[in-house]
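Data from target30.txt: compact mmCIF, C-alpha atoms
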# COMPACT_ATOMS: atom_id res chain seq x y z
CA MET P 240 -33.84 -7.28 -13.89
CA LYS P 241 -32.88 -3.96 -12.24
CA ASN P 242 -33.03 -5.52 -8.77
CA THR P 243 -30.89 -8.42 -9.96
CA ASP P 244 -28.30 -6.04 -11.45
CA TYR P 245 -28.22 -3.99 -8.25
CA THR P 246 -27.71 -7.13 -6.18
CA ASP P 247 -24.97 -8.41 -8.46
CA LYS P 248 -23.14 -5.07 -8.33
CA ARG P 249 -23.41 -4.92 -4.54
CA PHE P 250 -21.88 -8.35 -4.01
CA MET P 251 -19.29 -7.83 -6.75
CA GLN P 252 -18.20 -4.57 -5.12
CA LEU P 253 -17.62 -6.53 -1.92
CA ALA P 254 -15.56 -9.08 -3.87
CA ILE P 255 -13.43 -6.26 -5.27
CA GLU P 256 -12.94 -4.73 -1.81
CA LEU P 257 -11.85 -8.12 -0.49
CA ALA P 258 -9.42 -8.51 -3.39
CA LYS P 259 -7.74 -5.21 -2.44
CA LYS P 260 -6.54 -6.83 0.78
CA GLY P 261 -4.00 -8.68 -1.33
CA ILE P 262 -2.34 -5.48 -2.61
CA GLY P 263 1.44 -5.88 -2.46
CA LYS P 264 1.23 -9.52 -1.33
CA VAL P 265 0.15 -11.70 -4.26
CA SER P 266 2.16 -10.51 -7.29
CA PRO P 267 2.68 -11.78 -9.94
CA ASN P 268 -0.73 -13.34 -9.27
CA PRO P 269 -3.87 -11.19 -9.58
CA MET P 270 -5.80 -9.77 -6.64
CA VAL P 271 -9.01 -11.76 -6.27
CA GLY P 272 -11.92 -11.64 -3.84
CA CYS P 273 -14.87 -14.02 -3.59
CA VAL P 274 -18.34 -13.90 -2.00
CA VAL P 275 -20.70 -16.90 -1.67
CA VAL P 276 -24.38 -15.96 -1.44
CA LYS P 277 -27.72 -17.78 -1.04
CA ASN P 278 -31.14 -16.12 -1.01
CA GLY P 279 -29.51 -12.70 -0.73
CA LYS P 280 -27.45 -13.65 2.34
CA ILE P 281 -23.67 -13.88 2.48
CA LEU P 282 -22.57 -17.35 3.59
CA SER P 283 -18.82 -16.88 3.29
CA THR P 284 -16.08 -14.72 1.79
CA GLY P 285 -12.45 -15.17 0.81
CA TYR P 286 -9.56 -13.47 -0.88
CA HIS P 287 -6.11 -14.38 -2.21
CA ARG P 288 -3.90 -13.53 0.76
CA TYR P 289 -0.38 -14.17 -0.53
CA PHE P 290 1.47 -15.62 -3.50
CA GLY P 291 1.32 -19.41 -3.26
CA GLY P 292 -1.63 -19.35 -0.83
CA HIS P 293 -5.21 -20.49 -1.38
CA HIS P 294 -7.09 -18.70 -4.12
CA ALA P 295 -10.09 -16.60 -3.11
CA GLU P 296 -12.66 -19.15 -4.35
CA VAL P 297 -11.06 -22.00 -2.41
CA GLU P 298 -10.83 -19.94 0.78
CA ALA P 299 -14.50 -18.96 0.51
CA LEU P 300 -15.57 -22.58 -0.13
CA LYS P 301 -13.58 -23.85 2.86
CA LYS P 302 -15.47 -21.40 5.10
CA CYS P 303 -18.91 -22.25 3.65
CA LYS P 304 -20.73 -25.07 5.49
CA ASN P 305 -23.18 -25.85 2.67
CA PRO P 306 -22.24 -24.27 -0.71
CA LYS P 307 -24.65 -26.39 -2.75
CA GLY P 308 -27.08 -24.27 -4.77
CA THR P 309 -25.36 -20.98 -3.97
CA THR P 310 -24.16 -18.10 -6.16
CA MET P 311 -20.47 -17.21 -6.19
CA TYR P 312 -19.24 -13.67 -6.95
CA VAL P 313 -15.62 -13.33 -8.05
CA ASN P 314 -13.81 -10.40 -9.67
CA LEU P 315 -11.73 -12.58 -12.01
CA GLU P 316 -12.56 -15.71 -13.95
CA PRO P 317 -11.78 -18.85 -11.87
CA CYS P 318 -8.65 -20.69 -13.00
CA CYS P 319 -8.71 -24.12 -14.63
CA HIS P 320 -5.04 -24.87 -15.37
CA TYR P 321 -2.62 -27.10 -13.45
CA ASN P 322 0.91 -25.81 -14.19
CA LYS P 323 1.08 -23.57 -11.11
CA LYS P 324 1.59 -23.58 -7.34
CA THR P 325 -2.02 -24.35 -6.33
CA PRO P 326 -4.75 -26.63 -7.74
CA PRO P 327 -7.28 -25.07 -10.14
CA CYS P 328 -10.44 -23.54 -8.70
CA VAL P 329 -12.97 -24.64 -11.35
CA PRO P 330 -13.07 -28.36 -10.36
CA GLN P 331 -13.58 -27.39 -6.71
CA ILE P 332 -16.42 -25.01 -7.63
CA ILE P 333 -18.10 -27.81 -9.63
CA LYS P 334 -17.61 -30.33 -6.82
CA ALA P 335 -19.11 -27.91 -4.27
CA GLY P 336 -22.38 -27.73 -6.20
CA ILE P 337 -22.33 -23.99 -6.90
CA LYS P 338 -25.37 -23.09 -9.02
CA LYS P 339 -24.22 -19.78 -10.52
CA VAL P 340 -20.93 -17.87 -10.84
CA VAL P 341 -20.96 -14.09 -11.41
CA ILE P 342 -17.63 -12.91 -12.84
CA ALA P 343 -16.43 -9.33 -13.28
CA THR P 344 -13.93 -10.03 -16.07
CA LYS P 345 -12.24 -12.85 -17.94
CA ASP P 346 -8.69 -13.86 -17.00
CA PRO P 347 -6.22 -12.65 -19.68
CA ASN P 348 -3.88 -15.54 -18.85
CA PRO P 349 -3.79 -17.64 -22.07
CA ALA P 350 -4.00 -20.78 -19.92
CA VAL P 351 -7.45 -19.63 -18.74
CA SER P 352 -8.96 -16.86 -20.92
CA GLY P 353 -12.54 -18.13 -21.13
CA LYS P 354 -11.70 -21.80 -20.60
CA GLY P 355 -12.71 -21.62 -16.94
CA ILE P 356 -16.12 -20.23 -17.88
CA LYS P 357 -16.63 -22.92 -20.52
CA GLN P 358 -15.83 -25.70 -18.04
CA LEU P 359 -18.33 -24.28 -15.55
CA GLN P 360 -21.02 -24.01 -18.23
CA LYS P 361 -20.39 -27.58 -19.41
CA ASN P 362 -21.18 -28.68 -15.88
CA SER P 363 -24.53 -26.83 -15.87
CA ILE P 364 -23.29 -23.87 -13.85
CA ASN P 365 -24.81 -20.58 -15.00
CA CYS P 366 -22.17 -17.89 -15.62
CA LYS P 367 -22.71 -14.15 -15.81
CA VAL P 368 -19.74 -12.06 -16.96
CA GLY P 369 -19.10 -8.30 -17.00
CA ILE P 370 -20.44 -7.00 -13.67
CA LEU P 371 -18.26 -4.01 -12.61
CA GLU P 372 -15.79 -5.06 -15.31
CA ASN P 373 -14.01 -1.69 -15.54
CA LYS P 374 -13.39 -1.57 -11.78
CA ALA P 375 -12.11 -5.13 -11.83
CA LYS P 376 -9.73 -4.41 -14.72
CA LYS P 377 -8.37 -1.28 -13.04
CA LEU P 378 -7.67 -3.22 -9.85
CA ASN P 379 -5.58 -5.79 -11.74
CA GLU P 380 -4.13 -3.48 -14.41
CA THR P 381 -0.57 -4.65 -13.74
CA TYR P 382 -1.52 -8.32 -13.96
CA ILE P 383 -3.49 -7.77 -17.18
CA LYS P 384 -0.59 -5.94 -18.87
CA TYR P 385 1.92 -8.56 -17.73
CA MET P 386 -0.23 -11.48 -18.91
CA LYS P 387 -0.76 -9.92 -22.33
CA THR P 388 2.79 -8.71 -22.99
CA LYS P 389 5.09 -10.50 -20.51
CA ILE P 390 6.69 -7.16 -19.64
CA PRO P 391 6.03 -5.08 -16.51
CA PHE P 392 3.35 -2.43 -16.10
CA VAL P 393 5.42 0.78 -15.87
CA ILE P 394 4.52 3.61 -13.49
CA LEU P 395 6.48 6.84 -13.88
CA LYS P 396 6.60 8.83 -10.63
CA MET P 397 7.91 12.40 -10.51
CA ALA P 398 7.73 15.34 -8.13
CA TYR P 399 8.19 18.83 -9.49
CA SER P 400 7.56 22.44 -8.62
CA LEU P 401 4.73 24.53 -10.05
CA ASP P 402 7.21 26.01 -12.54
CA GLY P 403 8.10 22.52 -13.77
CA LYS P 404 11.44 21.91 -12.07
CA THR P 405 12.55 18.67 -10.38
CA LYS P 406 15.61 20.26 -8.78
CA THR P 407 17.37 23.60 -8.30
CA LYS P 408 20.15 24.91 -10.55
CA ASP P 409 22.66 23.33 -8.13
CA GLY P 410 20.87 19.97 -8.15
CA ASP P 411 19.12 20.26 -4.77
CA SER P 412 15.87 18.28 -4.69
CA LYS P 413 15.26 17.60 -0.97
CA TRP P 414 12.52 17.99 -0.50
CA ILE P 415 10.26 19.25 -3.26
CA SER P 416 7.32 17.11 -2.13
CA SER P 417 5.72 16.92 1.31
CA GLU P 418 6.28 14.24 3.93
CA LYS P 419 2.83 12.75 3.29
CA SER P 420 3.53 12.57 -0.44
CA ARG P 421 6.77 10.73 0.28
CA GLU P 422 4.92 8.32 2.57
CA MET P 423 2.48 7.64 -0.29
CA VAL P 424 5.45 6.84 -2.55
CA HIS P 425 6.84 4.44 0.06
CA GLN P 426 3.46 2.68 0.10
CA LEU P 427 3.52 2.56 -3.68
CA ARG P 428 6.96 0.96 -3.58
CA SER P 429 5.60 -1.78 -1.31
CA ARG P 430 2.87 -2.53 -3.88
CA THR P 431 5.15 -2.82 -6.92
CA ASP P 432 7.57 -5.58 -7.81
CA ALA P 433 10.52 -3.35 -8.65
CA ILE P 434 11.76 0.24 -8.52
CA LEU P 435 14.17 1.77 -11.04
CA VAL P 436 16.55 4.73 -10.85
CA GLY P 437 19.56 5.90 -12.82
CA ILE P 438 23.15 5.92 -11.58
CA ASN P 439 23.12 9.71 -11.13
CA THR P 440 20.41 9.39 -8.47
CA VAL P 441 22.47 6.73 -6.69
CA LEU P 442 25.68 8.76 -6.80
CA LYS P 443 24.03 12.00 -5.64
CA ASP P 444 21.47 10.84 -3.07
CA ASN P 445 22.76 7.37 -2.06
CA PRO P 446 19.17 6.13 -1.50
CA LYS P 447 18.12 2.81 0.03
CA LEU P 448 15.11 2.53 -2.31
CA THR P 449 13.05 0.60 0.24
CA SER P 450 9.45 0.96 1.37
CA HIS P 451 10.63 2.49 4.69
CA GLY P 452 8.57 0.05 6.73
CA GLN P 453 5.36 0.49 4.70
CA GLY P 454 5.38 -3.14 3.53
CA ARG P 455 7.54 -5.45 1.46
CA ASN P 456 10.58 -3.99 -0.29
CA PRO P 457 10.65 -4.04 -4.10
CA LYS P 458 13.54 -5.29 -6.21
CA ARG P 459 15.92 -2.39 -6.85
CA ILE P 460 17.00 -1.73 -10.44
CA VAL P 461 19.87 0.66 -11.23
CA LEU P 462 20.61 1.82 -14.78
CA ASP P 463 24.39 2.18 -14.81
CA ASP P 464 25.86 1.91 -18.29
CA GLY P 465 29.43 2.70 -17.19
CA LEU P 466 29.26 0.75 -13.91
CA LYS P 467 30.12 3.84 -11.86
CA ILE P 468 28.33 2.61 -8.74
CA SER P 469 30.28 2.61 -5.47
CA LEU P 470 30.53 -0.79 -3.79
CA ASN P 471 29.49 0.94 -0.55
CA SER P 472 26.22 2.32 -1.95
CA ASN P 473 23.14 1.87 0.23
CA VAL P 474 21.27 0.33 -2.68
CA LEU P 475 23.71 -2.61 -2.60
CA LYS P 476 23.04 -3.37 1.05
CA GLY P 477 20.48 -5.76 2.53
CA GLY P 478 16.74 -5.33 2.64
CA ALA P 479 15.94 -6.11 -0.97
CA LYS P 480 17.28 -7.71 -4.13
CA THR P 481 19.36 -5.39 -6.32
CA ILE P 482 19.85 -5.66 -10.08
CA ILE P 483 22.27 -3.49 -12.02
CA ALA P 484 21.57 -2.99 -15.71
CA THR P 485 24.80 -2.11 -17.45
CA SER P 486 26.62 -2.17 -20.77
CA LYS P 487 28.18 -5.36 -22.10
CA ASN P 488 31.43 -3.39 -22.34
CA SER P 489 31.55 -2.12 -18.73
CA ASP P 490 34.20 -3.20 -16.19
CA LYS P 491 34.21 -7.03 -16.08
CA THR P 492 36.24 -7.19 -12.85
CA LYS P 493 33.76 -4.92 -11.08
CA LYS P 494 30.87 -7.03 -12.38
CA GLU P 495 32.40 -10.10 -10.74
CA LYS P 496 32.85 -8.24 -7.44
CA LEU P 497 29.20 -7.18 -7.53
CA LYS P 498 28.06 -10.73 -8.28
CA LYS P 499 30.01 -12.00 -5.26
CA MET P 500 28.10 -9.44 -3.17
CA GLY P 501 24.84 -11.03 -4.33
CA ILE P 502 24.02 -8.38 -6.92
CA ASP P 503 22.47 -9.52 -10.19
CA ILE P 504 23.85 -8.07 -13.41
CA ILE P 505 21.83 -7.62 -16.60
CA GLU P 506 23.94 -6.74 -19.64
CA LEU P 507 22.17 -4.61 -22.22
CA PRO P 508 23.08 -3.28 -25.66
CA SER P 509 23.14 0.45 -26.29
CA LYS P 510 20.43 2.06 -28.36
CA LYS P 511 20.15 5.30 -30.29
CA LEU P 512 17.34 7.56 -29.11
CA VAL P 513 16.16 11.00 -30.08
CA PRO P 514 18.91 13.12 -28.46
CA ILE P 515 18.25 13.92 -24.82
CA SER P 516 20.55 16.57 -23.33
CA SER P 517 24.03 15.95 -24.75
CA ARG P 518 23.82 12.15 -24.91
CA ASP P 519 22.73 10.04 -27.86
CA ASN P 520 23.34 6.51 -26.58
CA PHE P 521 21.31 4.80 -23.86
CA LEU P 522 20.91 1.30 -22.53
CA ASP P 523 18.15 -0.56 -24.33
CA ILE P 524 15.37 -0.21 -21.75
CA LYS P 525 12.90 -2.15 -23.90
CA LYS P 526 15.24 -5.12 -23.65
CA LEU P 527 15.49 -4.51 -19.90
CA LEU P 528 11.71 -4.78 -19.53
CA VAL P 529 11.76 -8.09 -21.38
CA GLU P 530 14.47 -9.42 -19.05
CA LEU P 531 12.58 -8.22 -15.97
CA GLY P 532 9.44 -9.92 -17.28
CA LYS P 533 11.33 -13.20 -17.52
CA ILE P 534 11.96 -13.14 -13.76
CA GLY P 535 8.33 -12.48 -12.90
CA THR P 536 8.41 -8.70 -12.54
CA SER P 537 4.86 -7.59 -13.34
CA SER P 538 5.14 -3.95 -12.21
CA LEU P 539 7.94 -1.38 -12.28
CA LEU P 540 8.05 2.00 -10.56
CA VAL P 541 10.38 4.42 -12.36
CA GLU P 542 11.71 7.02 -9.93
CA GLY P 543 14.74 8.32 -11.77
CA GLY P 544 15.45 11.91 -12.72
CA GLU P 545 14.50 13.83 -15.85
CA ILE P 546 16.78 11.89 -18.21
CA ILE P 547 15.39 8.52 -17.13
CA ALA P 548 11.83 9.84 -17.32
CA GLN P 549 12.39 11.25 -20.81
CA SER P 550 13.88 8.01 -22.09
CA PHE P 551 10.92 5.92 -20.88
CA LEU P 552 8.43 8.43 -22.28
CA ARG P 553 10.14 8.71 -25.66
CA GLU P 554 10.29 4.93 -25.97
CA LYS P 555 6.54 4.85 -25.17
CA LEU P 556 7.08 2.42 -22.30
CA VAL P 557 5.08 4.25 -19.62
CA ASP P 558 1.63 2.87 -18.73
CA LYS P 559 0.73 5.28 -15.93
CA ILE P 560 2.09 8.55 -14.55
CA MET P 561 1.98 9.73 -10.94
CA PHE P 562 3.13 13.35 -10.85
CA PHE P 563 3.28 15.26 -7.59
CA VAL P 564 2.95 18.97 -8.41
CA CYS P 565 4.26 20.79 -5.38
CA PRO P 566 3.27 24.32 -4.24
CA ILE P 567 6.63 26.00 -4.67
CA ILE P 568 8.36 27.99 -7.43
CA ILE P 569 12.05 27.10 -7.70
CA ASP P 570 12.93 29.62 -10.42
CA GLY P 571 16.73 30.17 -10.35
CA TYR P 572 17.28 29.44 -6.66
CA SER P 573 20.12 27.12 -5.62
CA LYS P 574 18.38 25.57 -2.58
CA ILE P 575 14.86 24.19 -2.16
CA LYS P 576 14.45 25.99 1.16
CA LYS P 577 14.87 29.33 -0.66
CA ALA P 578 12.16 28.56 -3.22
CA ILE P 579 9.01 30.70 -3.33
CA LYS P 580 6.33 29.14 -1.14
CA LEU P 581 2.68 29.22 -2.19
CA LYS P 582 -0.28 29.49 0.16
CA ASN P 583 -3.95 28.49 -0.19
CA VAL P 584 -3.48 26.90 -3.59
CA SER P 585 -6.71 26.28 -5.52
CA LEU P 586 -7.08 24.04 -8.53
CA THR P 587 -9.74 24.58 -11.20
CA LYS P 588 -10.31 22.42 -14.25
CA VAL P 589 -10.79 24.57 -17.35
CA ASP P 590 -11.75 22.40 -20.31
CA GLY P 591 -8.67 20.18 -20.68
CA ASP P 592 -6.42 22.45 -18.60
CA PHE P 593 -5.85 23.01 -14.88
CA LEU P 594 -5.68 26.50 -13.40
CA PHE P 595 -3.58 26.94 -10.24
CA GLU P 596 -4.21 30.03 -8.12
CA SER P 597 -2.27 30.92 -4.99
CA LEU P 598 -0.94 33.65 -2.74
CA ILE P 599 2.85 33.95 -2.46
CA THR P 600 4.02 33.88 1.14
CA ASN P 601 7.74 34.64 1.24
CA HIS P 602 8.37 37.65 -0.99

Whole structure given in structure tokens:
Amino acid sequence: MKNTDYTDKRFMQLAIELAKKGIGKVSPNPMVGCVVVKNGKILSTGYHRYFGGHHAEVEALKKCKNPKGTTMYVNLEPCCHYNKKTPPCVPQIIKAGIKKVVIATKDPNPAVSGKGIKQLQKNSINCKVGILENKAKKLNETYIKYMKTKIPFVILKMAYSLDGKTKTKDGDSKWISSEKSREMVHQLRSRTDAILVGINTVLKDNPKLTSHGQGRNPKRIVLDDGLKISLNSNVLKGGAKTIIATSKNSDKTKKEKLKKMGIDIIELPSKKLVPISSRDNFLDIKKLLVELGKIGTSSLLVEGGEIIAQSFLREKLVDKIMFFVCPIIIDGYSKIKKAIKLKNVSLTKVDGDFLFESLITNH
């Protein structure tokens, strides 16, 4: 039994690694990898390469000369439904004569959700479920959330100094984080369906909100309740789809101009929140997530400033945080370049806390 478990984990790990090749290319579909094995030898492999392309199981079967009597390893339950771009995998697995299918986790899609396994078992195919299940679920965490709730998986990204500041007293924030950290964020953008910022970020920084050549560009979402955005803003230019979420009462004429530029408008009601700064009214971001889910947005990267971050956190809409804690102390300085720089920073975990130790270099 131990040898069998070790073998199953080894081949399932390979299936998961293959699935990762689809990162940023298959959404809103899940990332899936497949390995076909006989007598401990790999006969073929496959993975879902792009949205609308062959599923991993089909790709692996096409590359396998004689799949009869083999074992198939796949990190997500094979599909069995027809209302989609590609034919279901289960009938093709049955037709190929596969003897056993080892599955990491069930598909949360209500159209599948155990039905694929039952169809395989009805056709005398042995199914084993749960091998490296936690790893498989983590890989497809955005897909799982989207399938269960029909709203995007929300990642809140922030960069702040060691004394907890995201900008100086004069609003300077370039750059708190390092170049490599920013490159990582650009990669993250290429792997998510959409990125969201508030109008203040657009007005101050005039960002493009693209992946900067790291992969596909996400949809760009701007929260702009008063429709203050300039028609010349970089975020309105080519490279990616842009959606502006605004109040139903904002400038109708400007909305029409934006629509003619190819910009989508989502009108949202205002909502009372626990007071943040001096404002009490905010666009209903829960409603926004529902609307984004309707257009197939399974993941959303929130990159706005402190107000946007606070609103998502207080509404309990954040699924994951990615906080870059940068080795500087901003204190009361007006410019980032004047901030106190730290050298040889060490990080120690103390129970549930983290201890930062460092020398100060520019006193």

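Put simply, atom CA of P:Gly477 is 19.9 Å away from atom CA of P:Lys443.
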
Write out as a PDB file with C-alpha atoms, in the coordinates of the input the residues lying within 7 Å of stretch 314-317 of chain P, counting all atoms listed in the file and excluding same-chain residues fewer than 6 positions away.
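Output (part.pdb):
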ATOM      1  CA  MET P 251     -19.290  -7.830  -6.750  1.00  0.00           C
ATOM      2  CA  ALA P 254     -15.560  -9.080  -3.870  1.00  0.00           C
ATOM      3  CA  ILE P 255     -13.430  -6.260  -5.270  1.00  0.00           C
ATOM      4  CA  VAL P 271      -9.010 -11.760  -6.270  1.00  0.00           C
ATOM      5  CA  GLY P 272     -11.920 -11.640  -3.840  1.00  0.00           C
ATOM      6  CA  CYS P 328     -10.440 -23.540  -8.700  1.00  0.00           C
ATOM      7  CA  VAL P 329     -12.970 -24.640 -11.350  1.00  0.00           C
ATOM      8  CA  ILE P 342     -17.630 -12.910 -12.840  1.00  0.00           C
ATOM      9  CA  ALA P 343     -16.430  -9.330 -13.280  1.00  0.00           C
ATOM     10  CA  THR P 344     -13.930 -10.030 -16.070  1.00  0.00           C
ATOM     11  CA  LYS P 345     -12.240 -12.850 -17.940  1.00  0.00           C
ATOM     12  CA  ASP P 346      -8.690 -13.860 -17.000  1.00  0.00           C
ATOM     13  CA  GLY P 355     -12.710 -21.620 -16.940  1.00  0.00           C
ATOM     14  CA  ILE P 356     -16.120 -20.230 -17.880  1.00  0.00           C
ATOM     15  CA  ALA P 375     -12.110  -5.130 -11.830  1.00  0.00           C
TER      16      ALA P 375
END

Taking (-7.2, 30.2, -5.4) in the coordinates of the supplied file, I want to know which residues reach to within 7 Å of it, counting all atoms listed in the file; could you give the answer as a compact mmCIF listing (two decimals) with C-alpha atoms, keeping the file's coordinate frame?
# COMPACT_ATOMS: atom_id res chain seq x y z
CA ASN P 583 -3.95 28.49 -0.19
CA VAL P 584 -3.48 26.90 -3.59
CA SER P 585 -6.71 26.28 -5.52
CA LEU P 586 -7.08 24.04 -8.53
CA PHE P 595 -3.58 26.94 -10.24
CA GLU P 596 -4.21 30.03 -8.12
CA SER P 597 -2.27 30.92 -4.99

How close does stretch 340-459 of chain P get to stretch 265-269 of chain P? List, as JSON lines, each residue of stretch 340-459 of chain P within 8 Å, its nearest atom pair and the distance in Å to one decimal, counting all atoms listed in the file.
{"residue": "P:Asn379", "atom": "CA", "partner": "P:Pro269", "partner_atom": "CA", "distance": 6.1}
{"residue": "P:Tyr382", "atom": "CA", "partner": "P:Pro269", "partner_atom": "CA", "distance": 5.7}
{"residue": "P:Asp432", "atom": "CA", "partner": "P:Ser266", "partner_atom": "CA", "distance": 7.3}

- Message: Would you pick out the contacts of P:Val297 at 12 Å or less, using only C-alpha atoms, so that residues sharing its chain but fewer than 3 positions from it are not included, and give the list as number ranges by chain?
- Response: P: 271-275, 283-288, 292-294, 300-303, 306, 311, 313, 317-318, 325-335

- Message: Excluding P:Ile534 and its own-chain neighbours fewer than 4 positions away, which residues fall within 12 Å of it when counting all atoms listed in the file? Please give them as JSON, numbers by chain.
- Response: {"P": [267, 385, 389, 390, 391, 432, 433, 458, 482, 503, 505, 527, 528, 529, 530, 538]}

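All residues of protein, DNA or RNA that reach within 10 Å of stretch 403-407 of chain P, judged by only C-alpha atoms and not counting those fewer than 6 positions away in the chain, are Met397, Lys413, Trp414, Ile415, Ser416, Gly544, Glu545, Val564, Cys565, Ile567, Ile568, Ile569, Asp570, Gly571, Tyr572, Ser573, Lys574, Ile575, Lys577 and Ala578 of chain P.
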
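Distances here use only C-alpha atoms; by that measure, the residue among P:Lys339, P:Lys376, P:Arg421, P:Lys387 closest to P:Ser352 is P:Lys387.
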
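Here the question is which of P:Ile262, P:Gly452, P:Lys493, P:Leu594 gets nearest to P:Leu470 using only C-alpha atoms, and that residue is P:Lys493.
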
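Straight-line separation from atom CA of P:His425 to atom CA of P:Ser450: 4.5 Å.
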
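For the choices P:Phe562, P:Ile438, P:Lys480, P:Val341, the atom-to-atom distance to P:Lys367 is smallest for P:Val341 when using all atoms listed in the file.
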
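The residue that comes closest to P:Lys338, out of P:Arg430, P:Lys259, P:Lys277, P:Lys555 and on the basis of all atoms listed in the file, is P:Lys277.
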
- Message: Using all atoms listed in the file for the distances, tell me which of P:Asn439, P:Asn445, P:Ser429, P:Asn305 is nearest to P:Leu540.
- Response: P:Ser429

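Interatomic distance, atom CA of P:Thr440 to atom CA of P:Ile524: 17.1 Å.
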
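Counting only C-alpha atoms, the residue from P:Leu539, P:Met423, P:Val461, P:Ala479 that sits nearest to P:Lys559 is P:Leu539.
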